[in-house]
$ cat protein01.pdb   # PDB, C-alpha atoms
ATOM      1  CA  MET A  22       0.000   0.000   0.000
ATOM      2  CA  LYS A  23       1.586   3.238  -1.191
ATOM      3  CA  ARG A  24       0.891   6.949  -1.055
ATOM      4  CA  THR A  25       2.459   9.808  -2.982
ATOM      5  CA  LEU A  26       4.329  12.274  -0.783
ATOM      6  CA  GLY A  27       2.573  15.396  -1.968
ATOM      7  CA  ARG A  28       3.941  17.235  -4.989
ATOM      8  CA  SER A  29       7.320  15.492  -4.688
ATOM      9  CA  GLY A  30       5.831  12.663  -6.740
ATOM     10  CA  VAL A  31       7.798  10.236  -4.541
ATOM     11  CA  GLU A  32       5.896   7.116  -3.543
ATOM     12  CA  VAL A  33       6.296   5.920   0.034
ATOM     13  CA  SER A  34       4.550   3.320   2.151
ATOM     14  CA  ALA A  35       1.093   4.490   3.221
ATOM     15  CA  LEU A  36       2.211   4.092   6.814
ATOM     16  CA  GLY A  37       5.470   5.409   8.217
ATOM     17  CA  MET A  38       7.337   4.711  11.426
ATOM     18  CA  GLY A  39       7.212   7.489  14.017
ATOM     19  CA  CYS A  40      10.559   7.290  15.797
ATOM     20  CA  TRP A  41      10.052   9.536  18.834
ATOM     21  CA  ALA A  42       9.572   6.754  21.402
ATOM     22  CA  ILE A  43      12.695   4.819  20.392
ATOM     23  CA  GLY A  44      14.804   7.867  21.204
ATOM     24  CA  GLY A  45      14.379   6.943  24.849
ATOM     25  CA  PRO A  46      14.238   9.246  27.862
ATOM     26  CA  HIS A  47      15.020  12.942  27.619
ATOM     27  CA  ALA A  48      13.840  15.966  29.532
ATOM     28  CA  ARG A  49      12.970  19.632  29.165
ATOM     29  CA  ASN A  50      13.699  21.679  32.270
ATOM     30  CA  GLY A  51      13.526  18.554  34.390
ATOM     31  CA  ASN A  52      10.224  17.318  32.907
ATOM     32  CA  PRO A  53      10.265  14.041  30.921
ATOM     33  CA  VAL A  54       9.402  14.529  27.246
ATOM     34  CA  GLY A  55      10.203  11.013  26.115
ATOM     35  CA  TRP A  56       8.218   7.785  26.323
ATOM     36  CA  GLY A  57      10.143   6.062  29.099
ATOM     37  CA  GLY A  58      12.905   3.504  28.889
ATOM     38  CA  VAL A  59      13.717   1.636  25.710
ATOM     39  CA  ASP A  60      15.635  -1.472  24.681
ATOM     40  CA  ASP A  61      17.898  -0.381  21.835
ATOM     41  CA  ALA A  62      18.309  -3.935  20.544
ATOM     42  CA  GLU A  63      14.531  -4.289  20.323
ATOM     43  CA  SER A  64      14.291  -0.897  18.599
ATOM     44  CA  VAL A  65      16.774  -2.082  15.969
ATOM     45  CA  ARG A  66      14.849  -5.324  15.485
ATOM     46  CA  ALA A  67      11.590  -3.375  15.195
ATOM     47  CA  LEU A  68      12.967  -1.005  12.559
ATOM     48  CA  ARG A  69      14.365  -3.892  10.522
ATOM     49  CA  ARG A  70      11.059  -5.734  10.806
ATOM     50  CA  ALA A  71       9.215  -2.668   9.536
ATOM     51  CA  PHE A  72      11.517  -2.573   6.528
ATOM     52  CA  GLU A  73      10.978  -6.293   5.879
ATOM     53  CA  LEU A  74       7.240  -5.688   5.917
ATOM     54  CA  GLY A  75       7.438  -2.929   3.308
ATOM     55  CA  VAL A  76       7.774   0.289   5.300
ATOM     56  CA  ASP A  77      10.162   2.732   3.657
ATOM     57  CA  PHE A  78       9.199   5.996   5.428
ATOM     58  CA  TYR A  79      10.850   6.810   8.775
ATOM     59  CA  ASP A  80      10.122  10.030  10.665
ATOM     60  CA  THR A  81      12.435  11.229  13.423
ATOM     61  CA  ALA A  82      13.843  14.466  14.876
ATOM     62  CA  ASP A  83      17.173  15.567  16.296
ATOM     63  CA  VAL A  84      15.593  16.136  19.721
ATOM     64  CA  TYR A  85      14.143  12.598  20.047
ATOM     65  CA  GLY A  86      16.394  11.196  22.737
ATOM     66  CA  CYS A  87      18.681  14.164  21.986
ATOM     67  CA  GLY A  88      20.123  12.477  18.904
ATOM     68  CA  HIS A  89      19.573   8.880  19.973
ATOM     69  CA  SER A  90      16.663   8.108  17.638
ATOM     70  CA  GLU A  91      18.687   9.167  14.602
ATOM     71  CA  LYS A  92      21.602   6.983  15.687
ATOM     72  CA  ILE A  93      19.338   3.952  16.103
ATOM     73  CA  ILE A  94      17.882   4.460  12.610
ATOM     74  CA  ALA A  95      21.404   4.564  11.161
ATOM     75  CA  GLU A  96      22.364   1.407  13.040
ATOM     76  CA  ALA A  97      19.255  -0.496  11.971
ATOM     77  CA  LEU A  98      18.834   0.652   8.391
ATOM     78  CA  GLY A  99      22.152   2.112   7.292
ATOM     79  CA  ASN A 100      22.670  -0.705   4.800
ATOM     80  CA  ASN A 101      19.270   0.062   3.261
ATOM     81  CA  ARG A 102      19.766   3.821   3.000
ATOM     82  CA  ASP A 103      18.946   4.091  -0.704
ATOM     83  CA  GLU A 104      15.741   2.089  -0.231
ATOM     84  CA  ILE A 105      14.238   4.237   2.532
ATOM     85  CA  PHE A 106      12.956   7.789   2.918
ATOM     86  CA  ILE A 107      14.129   9.564   6.083
ATOM     87  CA  ALA A 108      12.327  12.571   7.531
ATOM     88  CA  SER A 109      13.874  14.537  10.385
ATOM     89  CA  LYS A 110      13.263  17.867  12.102
ATOM     90  CA  ALA A 111      15.057  20.799  13.710
ATOM     91  CA  GLY A 112      14.130  23.668  16.001
ATOM     92  CA  TYR A 113      14.468  22.468  19.574
ATOM     93  CA  THR A 114      17.761  22.909  21.399
ATOM     94  CA  TYR A 115      19.278  19.848  23.046
ATOM     95  CA  VAL A 116      22.428  18.413  24.593
ATOM     96  CA  GLU A 117      23.311  14.899  23.454
ATOM     97  CA  GLU A 118      25.428  14.047  26.499
ATOM     98  CA  THR A 119      22.918  15.022  29.191
ATOM     99  CA  ARG A 120      19.724  14.252  27.221
ATOM    100  CA  GLU A 121      18.384  17.690  28.095
ATOM    101  CA  ALA A 122      16.325  19.689  25.591
ATOM    102  CA  PRO A 123      16.113  23.099  27.248
ATOM    103  CA  GLY A 124      14.579  25.357  24.619
ATOM    104  CA  GLU A 125      14.023  26.222  21.000
ATOM    105  CA  SER A 126      15.601  28.215  18.196
ATOM    106  CA  GLY A 127      14.750  29.127  14.631
ATOM    107  CA  ASP A 128      18.022  30.953  14.069
ATOM    108  CA  PRO A 129      19.325  30.145  10.557
ATOM    109  CA  ASP A 130      22.839  29.335  11.796
ATOM    110  CA  TYR A 131      21.370  26.979  14.359
ATOM    111  CA  ILE A 132      19.249  25.217  11.713
ATOM    112  CA  ARG A 133      22.358  24.783   9.532
ATOM    113  CA  GLN A 134      24.236  23.295  12.484
ATOM    114  CA  CYS A 135      21.317  20.980  13.304
ATOM    115  CA  CYS A 136      21.216  19.693   9.747
ATOM    116  CA  ASP A 137      24.913  18.834   9.780
ATOM    117  CA  GLU A 138      24.572  17.100  13.135
ATOM    118  CA  SER A 139      21.598  15.046  11.914
ATOM    119  CA  LEU A 140      23.507  14.026   8.801
ATOM    120  CA  ARG A 141      26.384  12.889  11.037
ATOM    121  CA  ARG A 142      24.174  10.803  13.318
ATOM    122  CA  LEU A 143      22.157   9.338  10.445
ATOM    123  CA  LYS A 144      25.426   8.553   8.618
ATOM    124  CA  THR A 145      24.042   9.868   5.367
ATOM    125  CA  ASP A 146      24.682  12.641   2.867
ATOM    126  CA  ARG A 147      21.098  13.887   2.645
ATOM    127  CA  ILE A 148      17.852  14.120   4.590
ATOM    128  CA  ASP A 149      14.894  13.267   2.370
ATOM    129  CA  LEU A 150      12.392  15.472   4.199
ATOM    130  CA  TYR A 151      13.594  18.151   6.620
ATOM    131  CA  GLN A 152      10.891  19.721   8.762
ATOM    132  CA  PHE A 153      10.800  22.783  10.972
ATOM    133  CA  HIS A 154       9.809  21.425  14.376
ATOM    134  CA  LEU A 155       8.474  24.542  16.126
ATOM    135  CA  GLY A 156       4.752  24.465  15.404
ATOM    136  CA  GLY A 157       3.916  27.831  16.952
ATOM    137  CA  TYR A 158       6.994  29.772  15.818
ATOM    138  CA  ASP A 159       6.495  33.506  15.243
ATOM    139  CA  LEU A 160       5.134  33.849  11.706
ATOM    140  CA  ALA A 161       6.866  37.213  11.353
ATOM    141  CA  LYS A 162      10.227  35.435  11.629
ATOM    142  CA  ALA A 163       9.239  32.549   9.362
ATOM    143  CA  PRO A 164      10.712  34.042   6.143
ATOM    144  CA  GLU A 165      14.296  33.590   7.389
ATOM    145  CA  VAL A 166      13.451  30.046   8.492
ATOM    146  CA  LEU A 167      12.015  29.150   5.112
ATOM    147  CA  ALA A 168      15.021  30.745   3.416
ATOM    148  CA  VAL A 169      17.507  28.564   5.296
ATOM    149  CA  PHE A 170      15.481  25.407   4.620
ATOM    150  CA  ASP A 171      15.441  26.273   0.910
ATOM    151  CA  GLU A 172      19.179  26.946   1.123
ATOM    152  CA  LEU A 173      19.757  23.444   2.517
ATOM    153  CA  VAL A 174      17.900  22.011  -0.488
ATOM    154  CA  ALA A 175      20.067  24.063  -2.853
ATOM    155  CA  ALA A 176      23.168  22.765  -1.042
ATOM    156  CA  GLY A 177      22.091  19.167  -1.655
ATOM    157  CA  LYS A 178      21.855  18.321   2.045
ATOM    158  CA  VAL A 179      18.050  18.118   1.962
ATOM    159  CA  ARG A 180      15.711  16.892  -0.775
ATOM    160  CA  TYR A 181      12.374  18.316   0.401
ATOM    161  CA  ILE A 182      11.093  20.441   3.268
ATOM    162  CA  GLY A 183       8.037  20.789   5.478
ATOM    163  CA  TRP A 184       6.750  22.297   8.719
ATOM    164  CA  SER A 185       5.475  20.330  11.697
ATOM    165  CA  THR A 186       2.593  22.605  12.666
ATOM    166  CA  ASP A 187      -1.124  22.386  13.323
ATOM    167  CA  ASP A 188      -1.631  26.002  12.255
ATOM    168  CA  PRO A 189      -3.046  26.584   8.744
ATOM    169  CA  ALA A 190      -1.432  30.017   8.326
ATOM    170  CA  ARG A 191       2.010  28.606   9.009
ATOM    171  CA  ALA A 192       1.351  25.646   6.717
ATOM    172  CA  GLU A 193       0.207  28.048   4.007
ATOM    173  CA  PHE A 194       3.398  30.089   4.397
ATOM    174  CA  PHE A 195       5.736  27.124   3.899
ATOM    175  CA  ALA A 196       3.608  25.949   0.969
ATOM    176  CA  GLN A 197       4.916  28.979  -0.979
ATOM    177  CA  SER A 198       8.153  27.091  -1.532
ATOM    178  CA  LEU A 199       8.074  24.446  -4.220
ATOM    179  CA  ASN A 200      10.533  22.519  -2.039
ATOM    180  CA  CYS A 201       7.770  22.100   0.539
ATOM    181  CA  VAL A 202       5.974  18.793  -0.014
ATOM    182  CA  ALA A 203       4.500  18.017   3.420
ATOM    183  CA  ILE A 204       3.001  19.406   6.594
ATOM    184  CA  GLN A 205       3.092  17.311   9.729
ATOM    185  CA  GLN A 206       0.040  17.701  11.935
ATOM    186  CA  ALA A 207      -1.702  16.012  14.843
ATOM    187  CA  PHE A 208      -4.729  14.107  13.560
ATOM    188  CA  ASN A 209      -6.691  11.000  14.490
ATOM    189  CA  LEU A 210     -10.249   9.781  14.207
ATOM    190  CA  PHE A 211     -11.307  11.949  17.164
ATOM    191  CA  GLY A 212      -9.730  15.227  16.129
ATOM    192  CA  GLY A 213      -7.344  17.349  14.139
ATOM    193  CA  ASN A 214      -7.179  20.735  12.443
ATOM    194  CA  GLU A 215      -9.377  20.457   9.358
ATOM    195  CA  GLU A 216      -8.123  23.799   8.006
ATOM    196  CA  THR A 217      -4.521  22.627   8.066
ATOM    197  CA  LEU A 218      -5.556  19.468   6.247
ATOM    198  CA  LYS A 219      -7.308  21.662   3.692
ATOM    199  CA  VAL A 220      -4.055  23.562   3.069
ATOM    200  CA  CYS A 221      -2.358  20.230   2.348
ATOM    201  CA  GLU A 222      -5.079  19.130  -0.056
ATOM    202  CA  THR A 223      -5.175  22.512  -1.827
ATOM    203  CA  HIS A 224      -1.406  22.677  -2.390
ATOM    204  CA  ASN A 225      -0.905  18.942  -3.008
ATOM    205  CA  LEU A 226       1.134  18.449   0.153
ATOM    206  CA  ALA A 227       1.314  15.244   2.152
ATOM    207  CA  SER A 228      -0.383  15.457   5.549
ATOM    208  CA  ILE A 229       1.973  13.475   7.782
ATOM    209  CA  LEU A 230       0.080  12.512  10.896
ATOM    210  CA  ARG A 231       1.654  12.471  14.313
ATOM    211  CA  GLY A 232      -0.441  10.948  17.084
ATOM    212  CA  PRO A 233      -2.578   8.917  14.651
ATOM    213  CA  LEU A 234      -3.382   6.521  17.497
ATOM    214  CA  GLY A 235      -3.893   9.269  20.072
ATOM    215  CA  MET A 236      -0.510   8.560  21.704
ATOM    216  CA  GLY A 237      -1.716   5.024  22.406
ATOM    217  CA  THR A 238      -5.276   5.838  23.442
ATOM    218  CA  LEU A 239      -6.727   4.464  20.197
ATOM    219  CA  THR A 240      -5.031   1.081  20.431
ATOM    220  CA  GLY A 241      -7.527  -0.438  22.857
ATOM    221  CA  LYS A 242      -4.792  -1.304  25.357
ATOM    222  CA  PHE A 243      -5.725   1.288  27.998
ATOM    223  CA  THR A 244      -8.454   0.883  30.635
ATOM    224  CA  ALA A 245      -9.818   3.071  33.412
ATOM    225  CA  ASP A 246      -7.149   1.605  35.712
ATOM    226  CA  THR A 247      -4.143   2.298  33.455
ATOM    227  CA  LYS A 248      -1.288   4.222  35.094
ATOM    228  CA  LEU A 249       1.743   5.368  33.119
ATOM    229  CA  PRO A 250       5.333   5.562  34.450
ATOM    230  CA  SER A 251       6.830   8.777  35.799
ATOM    231  CA  ASP A 252       9.373   9.066  32.953
ATOM    232  CA  ASP A 253       6.641   8.930  30.275
ATOM    233  CA  ILE A 254       5.367  12.162  28.708
ATOM    234  CA  ARG A 255       1.829  10.805  29.273
ATOM    235  CA  ARG A 256       2.450  10.282  33.007
ATOM    236  CA  GLY A 257      -0.380  12.576  34.177
ATOM    237  CA  TRP A 258      -3.110  11.017  32.065
ATOM    238  CA  ASN A 259      -6.244   9.883  33.877
ATOM    239  CA  PHE A 260      -8.275   7.200  32.127
ATOM    240  CA  ALA A 261     -10.889   6.993  34.885
ATOM    241  CA  GLU A 262     -12.381  10.459  34.327
ATOM    242  CA  GLY A 263     -12.098  13.493  32.074
ATOM    243  CA  GLY A 264     -10.896  13.686  28.470
ATOM    244  CA  GLN A 265      -9.028  10.380  28.282
ATOM    245  CA  ALA A 266     -11.959   8.512  29.851
ATOM    246  CA  GLU A 267     -14.358  10.067  27.329
ATOM    247  CA  THR A 268     -12.074   8.996  24.491
ATOM    248  CA  LEU A 269     -12.098   5.399  25.730
ATOM    249  CA  GLN A 270     -15.913   5.479  25.892
ATOM    250  CA  LYS A 271     -16.183   6.830  22.333
ATOM    251  CA  LEU A 272     -13.700   4.246  21.129
ATOM    252  CA  ASP A 273     -15.753   1.472  22.682
ATOM    253  CA  SER A 274     -18.885   2.727  20.924
ATOM    254  CA  ILE A 275     -17.330   2.254  17.463
ATOM    255  CA  LYS A 276     -15.153  -0.758  18.263
ATOM    256  CA  SER A 277     -17.264  -3.187  16.226
ATOM    257  CA  ILE A 278     -16.826  -1.079  13.072
ATOM    258  CA  LEU A 279     -13.114  -0.511  13.539
ATOM    259  CA  THR A 280     -12.514  -4.236  14.016
ATOM    260  CA  SER A 281     -14.644  -5.346  11.077
ATOM    261  CA  GLY A 282     -12.989  -7.844   8.764
ATOM    262  CA  GLY A 283     -10.510  -8.939  11.400
ATOM    263  CA  ARG A 284      -8.738  -5.668  12.101
ATOM    264  CA  THR A 285      -7.492  -4.762  15.565
ATOM    265  CA  ILE A 286      -8.765  -1.483  17.041
ATOM    266  CA  ALA A 287      -5.475   0.235  16.191
ATOM    267  CA  GLN A 288      -5.622  -1.033  12.607
ATOM    268  CA  GLY A 289      -9.177   0.286  12.328
ATOM    269  CA  ALA A 290      -8.109   3.715  13.588
ATOM    270  CA  LEU A 291      -5.376   3.835  10.936
ATOM    271  CA  ALA A 292      -7.822   2.651   8.269
ATOM    272  CA  TRP A 293     -10.116   5.557   9.173
ATOM    273  CA  LEU A 294      -7.312   8.006   8.378
ATOM    274  CA  TRP A 295      -6.586   6.490   4.968
ATOM    275  CA  ALA A 296     -10.282   6.800   4.149
ATOM    276  CA  ARG A 297     -10.466  10.377   5.451
ATOM    277  CA  SER A 298      -7.984  11.864   2.948
ATOM    278  CA  SER A 299      -5.630  10.612   0.262
ATOM    279  CA  ALA A 300      -3.083  13.150   1.535
ATOM    280  CA  MET A 301      -2.737  11.441   4.901
ATOM    281  CA  ILE A 302       0.284   9.347   5.888
ATOM    282  CA  PRO A 303       0.050   8.236   9.532
ATOM    283  CA  ILE A 304       3.273   7.664  11.468
ATOM    284  CA  PRO A 305       2.395   5.730  14.643
ATOM    285  CA  GLY A 306       5.114   5.321  17.230
ATOM    286  CA  PHE A 307       6.467   2.006  18.476
ATOM    287  CA  LYS A 308       8.873   0.390  20.907
ATOM    288  CA  THR A 309       8.563  -3.285  20.006
ATOM    289  CA  VAL A 310       8.509  -5.643  17.058
ATOM    290  CA  ALA A 311       4.954  -6.644  18.012
ATOM    291  CA  GLN A 312       3.715  -3.048  17.788
ATOM    292  CA  VAL A 313       5.352  -2.649  14.387
ATOM    293  CA  GLU A 314       3.756  -5.841  13.102
ATOM    294  CA  GLU A 315       0.306  -4.768  14.275
ATOM    295  CA  ASN A 316       0.560  -1.255  12.835
ATOM    296  CA  VAL A 317       2.042  -2.349   9.512
ATOM    297  CA  GLY A 318      -0.602  -5.084   9.315
ATOM    298  CA  ALA A 319      -3.185  -2.350   8.847
ATOM    299  CA  MET A 320      -1.936  -1.888   5.284
ATOM    300  CA  GLN A 321      -3.144  -5.387   4.363
ATOM    301  CA  PHE A 322      -6.717  -4.301   5.118
ATOM    302  CA  GLY A 323      -6.543  -0.836   3.548
ATOM    303  CA  ALA A 324      -8.971   2.023   4.172
ATOM    304  CA  LEU A 325     -12.408   1.811   5.759
ATOM    305  CA  THR A 326     -15.340   1.849   3.337
ATOM    306  CA  THR A 327     -17.554   4.879   2.750
ATOM    307  CA  HIS A 328     -20.336   3.022   4.564
ATOM    308  CA  GLU A 329     -18.139   2.321   7.589
ATOM    309  CA  MET A 330     -17.057   5.967   7.714
ATOM    310  CA  ALA A 331     -20.711   7.052   7.664
ATOM    311  CA  GLN A 332     -21.589   4.577  10.422
ATOM    312  CA  ILE A 333     -18.850   6.000  12.652
ATOM    313  CA  ASP A 334     -20.049   9.566  12.064
ATOM    314  CA  GLN A 335     -23.595   8.540  12.896
ATOM    315  CA  ILE A 336     -22.631   6.794  16.148
ATOM    316  CA  LEU A 337     -20.445   9.709  17.242
ATOM    317  CA  GLY A 338     -23.169  12.201  16.299
ATOM    318  CA  ARG A 339     -21.109  14.215  13.873
ATOM    319  CA  THR A 340     -21.619  15.235  10.271
ATOM    320  CA  ALA A 341     -19.711  13.342   7.601
ATOM    321  CA  SER A 342     -16.279  14.742   6.746
TER
END
$ encode --input "protein01.pdb" --output "structure tokens"
Amino acid sequence: MKRTLGRSGVEVSALGMGCWAIGGPHARNGNPVGWGGVDDAESVRALRRAFELGVDFYDTADVYGCGHSEKIIAEALGNNRDEIFIASKAGYTYVEETREAPGESGDPDYIRQCCDESLRRLKTDRIDLYQFHLGGYDLAKAPEVLAVFDELVAAGKVRYIGWSTDDPARAEFFAQSLNCVAIQQAFNLFGGNEETLKVCETHNLASILRGPLGMGTLTGKFTADTKLPSDDIRRGWNFAEGGQAETLQKLDSIKSILTSGGRTIAQGALAWLWARSSAMIPIPGFKTVAQVEENVGAMQFGALTTHEMAQIDQILGRTAS
């Protein structure tokens, strides 16, 4: 199952690997912003398994594990470099040695430095898709950011560019550059910025979806009693009451549709996205081979049908998209 990455014309697997979690623990001002501990050997096995199963799109960022995610990708898939498409990002400041990510910067010199450092860790001579990571960055300063991203394309260090932002005005700004082929946004079957998606569809940009499984909420593995570890970015979530509890209730109400034909709940949630827009490329995260196999298995089923999409809208009491 393939999708075209916007106006690049490049075909990639319809599902990519989101490589935040495999970066392992890191912190911002003492607060964990990773997904807890990881087993690097399992991460390598998981990445190689994804490749075996037909995934050729891998999305990371320099700040994921403060460089660690990029190193793991190089270790796992370095021998397959010409057969895969690597997306990375820049904008947050970080210290590799201490795993601290204290702040952010859109300074052109900093972006240039970040690109070189990512190339070093990825052990490659180019980044296929380089994305600006600061979703709410001051739009008035965006021209110099776009200029340096375009410069990196001209220098041959980057093939295509994008912005990881949920804001349609910022997406629209980057879309001015013909080098821009994608916008990364948060989107899943329970929410996302429709206007930002519209910008992608209007300008023929890929809509790369972070959080396509609601950071794990849409996998069916959480219950009202679930507690997450203190070094996990989701540590404060409460599944017994409030927003997370409501999400679990809504998920349960459409479970039979999502799992039709033998899908798991997670596979159904991914299938909803493929049906929602041809621009969408979900990039669920993972830590294990088993999670990779389940997520990639969704491609064997493909998108939900128009009828199934309508059923979900009816049950959730919303108008059809």
$ residues_around --input "protein01.pdb" --residues "Ala163 in chain A" --least-positions-apart "5" --cutoff "10 Å" --atoms "all atoms listed in the file" --output "list in words"
Gly127, Tyr158, Ala168, Arg191, Phe194 and Phe195 of chain A
$ write_last_selection --input "protein01.pdb" --atoms "C-alpha atoms" --output "JSON list (two decimals), in the coordinates of the input"
[["chain", "number", "residue", "atom", "x", "y", "z"],
["A", 127, "GLY", "CA", 14.75, 29.13, 14.63],
["A", 158, "TYR", "CA", 6.99, 29.77, 15.82],
["A", 168, "ALA", "CA", 15.02, 30.74, 3.42],
["A", 191, "ARG", "CA", 2.01, 28.61, 9.01],
["A", 194, "PHE", "CA", 3.40, 30.09, 4.40],
["A", 195, "PHE", "CA", 5.74, 27.12, 3.90]]
$ closest_atom_pairs --input "protein01.pdb" --of "range 132-243 of chain A" --to "range 310-330 of chain A" --cutoff "12 Å" --atoms "all atoms listed in the file" --output "JSON lines"
{"residue": "A:Leu210", "atom": "CA", "partner": "A:Met330", "partner_atom": "CA", "distance": 10.2}
{"residue": "A:Pro233", "atom": "CA", "partner": "A:Asn316", "partner_atom": "CA", "distance": 10.8}
{"residue": "A:Leu234", "atom": "CA", "partner": "A:Asn316", "partner_atom": "CA", "distance": 9.9}
{"residue": "A:Gly237", "atom": "CA", "partner": "A:Gln312", "partner_atom": "CA", "distance": 10.8}
{"residue": "A:Leu239", "atom": "CA", "partner": "A:Asn316", "partner_atom": "CA", "distance": 11.8}
{"residue": "A:Thr240", "atom": "CA", "partner": "A:Asn316", "partner_atom": "CA", "distance": 9.7}
{"residue": "A:Lys242", "atom": "CA", "partner": "A:Gln312", "partner_atom": "CA", "distance": 11.5}
$ closest_residue --input "protein01.pdb" --among "A:Arg180, A:Arg120, A:Lys271, A:Arg69" --to "Asn52 in chain A" --atoms "only C-alpha atoms"
A:Arg120
$ residues_around --input "protein01.pdb" --residues "Ala111 in chain A" --least-positions-apart "4" --cutoff "8 Å" --atoms "only C-alpha atoms" --output "ChimeraX atom specification"
/A:82-84,132,135-136,151-155
$ axis_aligned_box --input "protein01.pdb" --around "range 148-160 of chain A" --padding-each-side "3 Å" --output "AutoDock Vina command-line options"
--center_x 10.9 --center_y 23.6 --center_z 9.7 --size_x 19.9 --size_y 26.6 --size_z 20.6
$ resolve_selection --input "protein01.pdb" --expression "the PyMOL selection byres ((chain A and resi 200) around 12)" --output "number ranges by chain"
A: 27-30, 149-152, 167-175, 179-184, 195-199, 201-204, 224, 226
$ atom_distance --input "protein01.pdb" --atom1 "CA of Ser298 in chain A" --atom2 "CA of Trp41 in chain A"
24.1 Å
$ residues_around --input "protein01.pdb" --residues "range 58-63 of chain A" --least-positions-apart "3" --cutoff "10 Å" --atoms "only C-alpha atoms" --output "MDAnalysis selection string"
chainID A and resid 42:47 55 66:69 89:90 93 97 250 252:253 308:310
$ closest_residue --input "protein01.pdb" --among "A:Ser126, A:Ile333, A:Ile304, A:Glu121" --to "Leu230 in chain A" --atoms "only C-alpha atoms"
A:Ile304
$ atom_distance --input "protein01.pdb" --atom1 "CA of Asp137 in chain A" --atom2 "CA of Gly37 in chain A"
23.7 Å
$ atom_distance --input "protein01.pdb" --atom1 "CA of Phe106 in chain A" --atom2 "CA of Asp77 in chain A"
5.8 Å
$ closest_residue --input "protein01.pdb" --among "A:Lys178, A:Arg49, A:Arg70, A:Lys248" --to "Gly86 in chain A" --atoms "all atoms listed in the file"
A:Arg49
$ build_atoms --input "protein01.pdb" --residues "range 175-186 of chain A" --atoms "N, CA and C atoms" --output "compact mmCIF listing (two decimals), keeping the file's coordinate frame"
# COMPACT_ATOMS: atom_id res chain seq x y z
N ALA A 175 19.14 23.63 -1.79
CA ALA A 175 20.07 24.06 -2.85
C ALA A 175 21.47 23.49 -2.64
N ALA A 176 21.84 23.29 -1.36
CA ALA A 176 23.17 22.76 -1.04
C ALA A 176 23.25 21.25 -1.21
N GLY A 177 22.10 20.61 -1.46
CA GLY A 177 22.09 19.17 -1.66
C GLY A 177 22.04 18.36 -0.37
N LYS A 178 21.90 19.03 0.76
CA LYS A 178 21.86 18.32 2.04
C LYS A 178 20.45 17.81 2.36
N VAL A 179 19.47 18.43 1.72
CA VAL A 179 18.05 18.12 1.96
C VAL A 179 17.35 18.00 0.62
N ARG A 180 16.46 17.04 0.48
CA ARG A 180 15.71 16.89 -0.78
C ARG A 180 14.42 17.72 -0.78
N TYR A 181 13.65 17.61 0.30
CA TYR A 181 12.37 18.32 0.40
C TYR A 181 12.22 18.87 1.81
N ILE A 182 11.29 19.82 1.96
CA ILE A 182 11.09 20.44 3.27
C ILE A 182 9.62 20.44 3.67
N GLY A 183 9.39 20.69 4.96
CA GLY A 183 8.04 20.79 5.48
C GLY A 183 8.05 21.49 6.83
N TRP A 184 6.87 21.69 7.39
CA TRP A 184 6.75 22.30 8.72
C TRP A 184 5.86 21.39 9.55
N SER A 185 6.30 21.08 10.76
CA SER A 185 5.48 20.33 11.70
C SER A 185 4.66 21.34 12.49
N THR A 186 3.44 21.58 12.04
CA THR A 186 2.59 22.60 12.67
C THR A 186 1.13 22.26 12.46
